[in-house]
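This report refers to the structure that appears directly beneath it.
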Amino acid sequence: MSTTKTKVQTTLRTDAEIARNVRRRMKADFEVPDDQIAIKVAEGFITIEGIVVRDSQRTAAEACAREVKGMRGIVNKITVEPAASPLEA
């Protein structure tokens, strides 16, 4: 009986690389208003902050960050503030 060992290779990325990759993914996602979202990365933990008008934008921004290899966790501080609608007459 033979035993196979699987070697797990961990790719370490710098905080700057992670931040660049998050920004790149957000720019590619039409749902994310990337110009309204700040990205900070510390020891692999991503914090995203900003104000968006729809919850789907908040969710999409977090999904972009989750896709980045090397990240260790995400703190989503994005606030949803719907645009004011005109008064109905």
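Note on naming: chains are A, B, ... as they come in the structure tokens, residues start from 1 per chain, ligands start from 1 in the order shown.
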Problem set entry | Residues within 12 Å of Val68 (chain A), only C-alpha atoms, excluding chain neighbours under 5 positions, as a ChimeraX atom specification | /A:11-15,17-26,41,44-46,61-63,73-74
Take the selection from the previous step and output its residues with C-alpha atoms, as a PDB file, in the first residue's frame.
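Heads up, here's the output in result.pdb:
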ATOM      1  CA  THR A  11       1.670  31.860  -2.289  1.00  0.00           C
ATOM      2  CA  LEU A  12       2.543  34.837  -0.162  1.00  0.00           C
ATOM      3  CA  ARG A  13       1.560  38.167  -1.602  1.00  0.00           C
ATOM      4  CA  THR A  14       2.413  41.566  -0.281  1.00  0.00           C
ATOM      5  CA  ASP A  15      -0.325  43.872   0.968  1.00  0.00           C
ATOM      6  CA  GLU A  17      -0.102  43.282  -4.465  1.00  0.00           C
ATOM      7  CA  ILE A  18      -3.359  42.269  -2.808  1.00  0.00           C
ATOM      8  CA  ALA A  19      -4.647  45.858  -2.912  1.00  0.00           C
ATOM      9  CA  ARG A  20      -3.712  46.175  -6.621  1.00  0.00           C
ATOM     10  CA  ASN A  21      -5.492  42.925  -7.425  1.00  0.00           C
ATOM     11  CA  VAL A  22      -8.630  43.986  -5.550  1.00  0.00           C
ATOM     12  CA  ARG A  23      -8.656  47.342  -7.377  1.00  0.00           C
ATOM     13  CA  ARG A  24      -8.139  45.607 -10.733  1.00  0.00           C
ATOM     14  CA  ARG A  25     -11.080  43.264 -10.093  1.00  0.00           C
ATOM     15  CA  MET A  26     -13.312  46.134  -8.969  1.00  0.00           C
ATOM     16  CA  VAL A  41      -4.718  45.907   3.262  1.00  0.00           C
ATOM     17  CA  GLY A  44      -3.409  40.149   4.224  1.00  0.00           C
ATOM     18  CA  PHE A  45      -6.640  41.479   5.741  1.00  0.00           C
ATOM     19  CA  ILE A  46      -8.630  43.673   3.352  1.00  0.00           C
ATOM     20  CA  ALA A  61     -17.251  44.878  -4.147  1.00  0.00           C
ATOM     21  CA  GLU A  62     -16.856  42.290  -1.398  1.00  0.00           C
ATOM     22  CA  ALA A  63     -17.019  39.459  -3.942  1.00  0.00           C
ATOM     23  CA  GLY A  73     -10.003  38.082   5.546  1.00  0.00           C
ATOM     24  CA  ILE A  74     -12.277  40.979   4.653  1.00  0.00           C
TER      25      ILE A  74
END
Problem set entry | Residues within 9 Å of Gln57 (chain A), only C-alpha atoms, excluding chain neighbours under 5 positions, as a ChimeraX atom specification | /A:31-33,52,62,80
Exercise. Among chain A, which ones does DSSP place in helix (DSSP H, G or I), written as a PyMOL selection string?
Worked result: chain A and resi 15-28+34-36+55-66
Exercise. Taking into account only C-alpha atoms, which residue in the set A:Ala16, A:Ala38, A:Ala28, A:Ile78 is nearest to Arg58 (chain A)?
Worked result: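 So, comparing all the options, the nearest one is A:Ile78.
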Exercise. In Å, with one decimal, what is the gap from CA of Thr79 (chain A) to CA of Asp34 (chain A)?
Worked result: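 Taking CA of Thr79 (chain A) as the start and CA of Asp34 (chain A) as the end point, the length is 13.7 Å.
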